[in-house]
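One structure below.
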Amino acid sequence: MSEILAVTSGAEGRYAKALFSIALENKSLSVIENDLKNVKELIFSSSIFKDFIYSPLYNFEQQKNIILAISKKLNFSLEVSNLLLLMSKNRRLNLLSSLIKSFEILSRIDRGEIHAEVTSAVILSEDQEKEIKKVLKKNLGKEVILEVKIDNDIIGGLIFKIGSKMIDTSIKSKLFKLKTLMKEVG
């Protein structure tokens, strides 16, 4: 419940919650998720589109024409096209990335899934990832969407981030604790 409140706070959260409600009502959740995935890819792959959504230099008519052209080209649903137009009209396109993230979280919650971020010093094998997902599913009682990050600085071990909780079993943190203990003694 607290995750839903955190996700739906702020303007981007209200847009995400409204779009999510419409998606459920119209039974178009998977279509809208796919459209937002395409928007997200566009933000990350096109510096021109990224500049477009963050730039205050475009007026509404220019933004409207660009949004309609992109919506037609990428075959966006009416809901996503209207959302983009509304955000443009309200000068809120700069919140698009945050809105997509909030919408993804609402979708995961609706499906009974949980997002877990695992940081490792080395690339994990497919079997290791499956085992981590299995253990997390057993302990959390929910399907786990695993995001693996690589950070050589942790030396070894793993760092788990699940919601607002973090479990750090990295060698870097153990060395830091040992260093702190040694300072206290000497």
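Chain identifiers are assigned as A, B, and so on, following the order in which chains appear in the structure tokens; residues are numbered from 1 within each chain, and ligands are numbered from 1 in order of appearance.
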Polymer residues at most 9 Å from Arg91 in chain A, only C-alpha atoms, same-chain spacing of 3 or more positions, as a VMD selection string: chain A and resid 56 60 86 to 88 94
Please produce an output containing C-alpha atoms for each residue in the selection, written as a PDB file, in the first residue's frame.
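Generated file (again-v2.pdb):
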```
ATOM      1  CA  PRO A  56      10.375  24.721 -23.139  1.00  0.00           C
ATOM      2  CA  PHE A  60       1.690  23.674 -27.806  1.00  0.00           C
ATOM      3  CA  LEU A  86      -2.719  16.558 -22.345  1.00  0.00           C
ATOM      4  CA  MET A  87       0.773  16.575 -20.838  1.00  0.00           C
ATOM      5  CA  SER A  88       1.922  18.852 -23.648  1.00  0.00           C
ATOM      6  CA  ASN A  94       9.216  16.732 -18.861  1.00  0.00           C
TER       7      ASN A  94
END
```
Minimum-distance residue to Ala16 in chain A, chosen among A:Glu117, A:Asp153, A:Glu129, A:Glu104 (using only C-alpha atoms): A:Glu104
CA of Phe20 in chain A to CA of Leu96 in chain A, distance in Å rounded to a single decimal: 14.3 Å
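Distances from A:Ile22, A:Leu178, A:Val122, A:Ile132 to Gly157 in chain A were compared using only C-alpha atoms, and the smallest one belongs to A:Val122.
With only C-alpha atoms as the atoms that count, the residue of A:Asn90, A:Ser81, A:Ser107, A:Asn75 with the shortest distance to Glu33 in chain A is A:Ser107.
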Alpha helix (DSSP H) per DSSP on the backbone: members of chain A, as a ChimeraX atom specification: /A:2-7,10-25,29-45,47-54,60-73,78-89,96-111,126-140,171-185
All strand (DSSP E) residues (DSSP, backbone) inside range 5-180 of chain A, as a list in words: Glu113, Ile114, His115, Ala116, Glu117, Val118, Thr119, Ser120, Glu143, Val144, Ile145, Leu146, Glu147, Val148, Lys149, Ile150, Leu158, Ile159, Phe160, Lys161, Ile162, Lys165, Met166, Ile167 and Asp168 of chain A
Writing out the chosen residues with C-alpha atoms as an mmCIF file, in the first residue's frame:
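New file again22.cif:
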```cif
data_model
loop_
_atom_site.group_PDB
_atom_site.id
_atom_site.type_symbol
_atom_site.label_atom_id
_atom_site.label_comp_id
_atom_site.auth_asym_id
_atom_site.auth_seq_id
_atom_site.Cartn_x
_atom_site.Cartn_y
_atom_site.Cartn_z
ATOM 1 C CA GLU A 113 4.964 -8.853 -9.026
ATOM 2 C CA ILE A 114 7.797 -7.179 -7.184
ATOM 3 C CA HIS A 115 10.879 -5.464 -8.603
ATOM 4 C CA ALA A 116 14.248 -6.469 -7.191
ATOM 5 C CA GLU A 117 17.570 -4.899 -8.105
ATOM 6 C CA VAL A 118 20.661 -7.050 -7.622
ATOM 7 C CA THR A 119 24.133 -5.568 -7.888
ATOM 8 C CA SER A 120 27.055 -7.905 -8.453
ATOM 9 C CA GLU A 143 6.729 -13.146 -8.687
ATOM 10 C CA VAL A 144 10.045 -11.284 -8.954
ATOM 11 C CA ILE A 145 11.157 -9.034 -11.791
ATOM 12 C CA LEU A 146 14.943 -9.046 -11.479
ATOM 13 C CA GLU A 147 17.150 -6.194 -12.628
ATOM 14 C CA VAL A 148 20.851 -7.061 -12.507
ATOM 15 C CA LYS A 149 23.500 -4.351 -12.333
ATOM 16 C CA ILE A 150 27.262 -4.763 -12.429
ATOM 17 C CA LEU A 158 25.687 -9.073 -3.828
ATOM 18 C CA ILE A 159 23.579 -6.057 -2.951
ATOM 19 C CA PHE A 160 19.806 -6.521 -3.046
ATOM 20 C CA LYS A 161 17.348 -3.603 -3.280
ATOM 21 C CA ILE A 162 13.694 -4.523 -2.963
ATOM 22 C CA LYS A 165 14.819 -2.329 1.717
ATOM 23 C CA MET A 166 18.479 -3.045 0.996
ATOM 24 C CA ILE A 167 20.572 -6.092 1.908
ATOM 25 C CA ASP A 168 24.285 -5.590 1.380
#
```
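Within 12 Å of Leu29 in chain A, once only C-alpha atoms are used and residues closer than 5 positions along the same chain are dropped, the contacting residues are A:Leu19, A:Phe20, A:Ser21, A:Ile22, A:Ala23, A:Leu24, A:Asn34, A:Asp35, A:Leu36, A:Ser77, A:Glu79, A:Val80, A:Phe103, A:Glu104, A:Leu106, A:Ser107, A:Arg108, A:Asp110, A:Arg111.
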What does the file look like for those residues with all heavy atoms, as a compact mmCIF listing (two decimals), in the first residue's frame?
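To be explicit, this is the file written out as selection-v7.txt:
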```txt
# COMPACT_ATOMS: atom_id res chain seq x y z
N LEU A 19 -4.08 7.18 -16.01
CA LEU A 19 -3.91 6.34 -17.20
C LEU A 19 -4.10 4.87 -16.84
O LEU A 19 -4.74 4.12 -17.59
CB LEU A 19 -2.52 6.56 -17.81
CG LEU A 19 -2.22 5.76 -19.08
CD1 LEU A 19 -3.18 6.15 -20.20
CD2 LEU A 19 -0.78 5.97 -19.51
N PHE A 20 -3.61 4.46 -15.69
CA PHE A 20 -3.76 3.08 -15.24
C PHE A 20 -5.24 2.74 -15.04
O PHE A 20 -5.70 1.67 -15.45
CB PHE A 20 -2.95 2.85 -13.96
CG PHE A 20 -2.94 1.42 -13.52
CD1 PHE A 20 -2.14 0.49 -14.17
CD2 PHE A 20 -3.71 1.00 -12.46
CE1 PHE A 20 -2.12 -0.83 -13.78
CE2 PHE A 20 -3.70 -0.32 -12.05
CZ PHE A 20 -2.90 -1.24 -12.71
N SER A 21 -5.97 3.64 -14.42
CA SER A 21 -7.42 3.43 -14.21
C SER A 21 -8.15 3.29 -15.54
O SER A 21 -9.00 2.42 -15.69
CB SER A 21 -8.02 4.59 -13.42
OG SER A 21 -7.47 4.64 -12.13
N ILE A 22 -7.80 4.14 -16.50
CA ILE A 22 -8.41 4.07 -17.83
C ILE A 22 -8.06 2.75 -18.50
O ILE A 22 -8.91 2.11 -19.12
CB ILE A 22 -7.97 5.27 -18.69
CG1 ILE A 22 -8.60 6.56 -18.15
CG2 ILE A 22 -8.33 5.07 -20.16
CD1 ILE A 22 -8.03 7.83 -18.74
N ALA A 23 -6.79 2.33 -18.35
CA ALA A 23 -6.34 1.07 -18.96
C ALA A 23 -7.12 -0.11 -18.39
O ALA A 23 -7.52 -1.02 -19.13
CB ALA A 23 -4.85 0.87 -18.72
N LEU A 24 -7.35 -0.12 -17.09
CA LEU A 24 -8.12 -1.20 -16.47
C LEU A 24 -9.58 -1.16 -16.93
O LEU A 24 -10.17 -2.19 -17.26
CB LEU A 24 -8.05 -1.13 -14.95
CG LEU A 24 -6.70 -1.46 -14.31
CD1 LEU A 24 -6.78 -1.29 -12.80
CD2 LEU A 24 -6.25 -2.87 -14.66
N ASN A 34 2.65 -1.52 -23.73
CA ASN A 34 3.49 -1.61 -24.92
C ASN A 34 3.77 -0.23 -25.51
O ASN A 34 4.90 0.08 -25.90
CB ASN A 34 2.84 -2.52 -25.97
CG ASN A 34 3.79 -2.84 -27.09
OD1 ASN A 34 4.90 -3.30 -26.86
ND2 ASN A 34 3.35 -2.57 -28.30
N ASP A 35 2.75 0.62 -25.57
CA ASP A 35 2.94 1.98 -26.07
C ASP A 35 3.93 2.75 -25.21
O ASP A 35 4.82 3.44 -25.72
CB ASP A 35 1.61 2.74 -26.10
CG ASP A 35 0.68 2.30 -27.22
OD1 ASP A 35 1.13 1.51 -28.09
OD2 ASP A 35 -0.48 2.74 -27.24
N LEU A 36 3.78 2.63 -23.89
CA LEU A 36 4.69 3.34 -22.99
C LEU A 36 6.11 2.78 -23.09
O LEU A 36 7.08 3.53 -22.95
CB LEU A 36 4.18 3.28 -21.55
CG LEU A 36 2.90 4.08 -21.29
CD1 LEU A 36 2.46 3.92 -19.83
CD2 LEU A 36 3.06 5.54 -21.64
N SER A 77 -1.99 3.90 -29.01
CA SER A 77 -3.40 3.85 -28.67
C SER A 77 -3.92 5.27 -28.46
O SER A 77 -3.15 6.20 -28.21
CB SER A 77 -3.60 3.03 -27.39
OG SER A 77 -2.94 3.67 -26.31
N GLU A 79 -5.53 6.32 -25.94
CA GLU A 79 -5.26 6.72 -24.55
C GLU A 79 -3.88 7.35 -24.40
O GLU A 79 -3.72 8.39 -23.77
CB GLU A 79 -5.37 5.52 -23.60
CG GLU A 79 -6.75 4.92 -23.49
CD GLU A 79 -7.02 3.79 -24.47
OE1 GLU A 79 -6.27 3.65 -25.45
OE2 GLU A 79 -7.99 3.05 -24.25
N VAL A 80 -2.87 6.72 -24.99
CA VAL A 80 -1.50 7.24 -24.87
C VAL A 80 -1.34 8.53 -25.67
O VAL A 80 -0.72 9.48 -25.21
CB VAL A 80 -0.45 6.17 -25.27
CG1 VAL A 80 0.94 6.77 -25.37
CG2 VAL A 80 -0.47 5.03 -24.25
N PHE A 103 3.83 4.16 -13.86
CA PHE A 103 2.87 3.27 -14.50
C PHE A 103 3.35 1.82 -14.46
O PHE A 103 2.57 0.91 -14.19
CB PHE A 103 2.60 3.71 -15.94
CG PHE A 103 1.46 2.98 -16.59
CD1 PHE A 103 0.18 3.50 -16.52
CD2 PHE A 103 1.66 1.79 -17.27
CE1 PHE A 103 -0.88 2.83 -17.10
CE2 PHE A 103 0.60 1.11 -17.85
CZ PHE A 103 -0.67 1.63 -17.77
N GLU A 104 4.65 1.62 -14.72
CA GLU A 104 5.22 0.26 -14.67
C GLU A 104 5.08 -0.34 -13.28
O GLU A 104 4.76 -1.52 -13.14
CB GLU A 104 6.70 0.29 -15.08
CG GLU A 104 6.91 0.55 -16.56
CD GLU A 104 8.37 0.82 -16.92
OE1 GLU A 104 9.19 1.11 -16.01
OE2 GLU A 104 8.69 0.74 -18.12
N LEU A 106 2.78 0.46 -10.99
CA LEU A 106 1.35 0.15 -10.78
C LEU A 106 0.97 -1.15 -11.49
O LEU A 106 0.23 -1.97 -10.94
CB LEU A 106 0.48 1.31 -11.28
CG LEU A 106 0.50 2.58 -10.44
CD1 LEU A 106 -0.20 3.72 -11.18
CD2 LEU A 106 -0.10 2.35 -9.07
N SER A 107 1.50 -1.35 -12.68
CA SER A 107 1.21 -2.59 -13.44
C SER A 107 1.77 -3.81 -12.72
O SER A 107 1.11 -4.85 -12.63
CB SER A 107 1.80 -2.51 -14.84
OG SER A 107 1.16 -1.51 -15.58
N ARG A 108 3.00 -3.68 -12.20
CA ARG A 108 3.60 -4.81 -11.46
C ARG A 108 2.80 -5.13 -10.21
O ARG A 108 2.57 -6.29 -9.89
CB ARG A 108 5.06 -4.49 -11.09
CG ARG A 108 6.03 -4.70 -12.21
CD ARG A 108 7.44 -4.77 -11.72
NE ARG A 108 7.86 -3.63 -10.93
CZ ARG A 108 8.49 -2.56 -11.42
NH1 ARG A 108 8.78 -2.49 -12.70
NH2 ARG A 108 8.85 -1.58 -10.63
N ASP A 110 -0.34 -4.60 -9.72
CA ASP A 110 -1.60 -5.20 -10.17
C ASP A 110 -1.42 -6.67 -10.52
O ASP A 110 -2.30 -7.49 -10.28
CB ASP A 110 -2.14 -4.43 -11.39
CG ASP A 110 -3.49 -4.94 -11.85
OD1 ASP A 110 -4.45 -4.86 -11.05
OD2 ASP A 110 -3.58 -5.44 -12.99
N ARG A 111 -0.28 -7.03 -11.09
CA ARG A 111 0.00 -8.43 -11.45
C ARG A 111 0.56 -9.24 -10.29
O ARG A 111 0.83 -10.43 -10.43
CB ARG A 111 1.00 -8.48 -12.61
CG ARG A 111 0.44 -8.05 -13.95
CD ARG A 111 1.40 -8.37 -15.09
NE ARG A 111 2.66 -7.67 -14.97
CZ ARG A 111 2.93 -6.49 -15.51
NH1 ARG A 111 2.01 -5.85 -16.20
NH2 ARG A 111 4.11 -5.92 -15.35
```
Nearest residue to Leu93 in chain A from the set A:Asn139, A:Asn26, A:Gln63, A:Ser173 (distances using only C-alpha atoms): A:Gln63
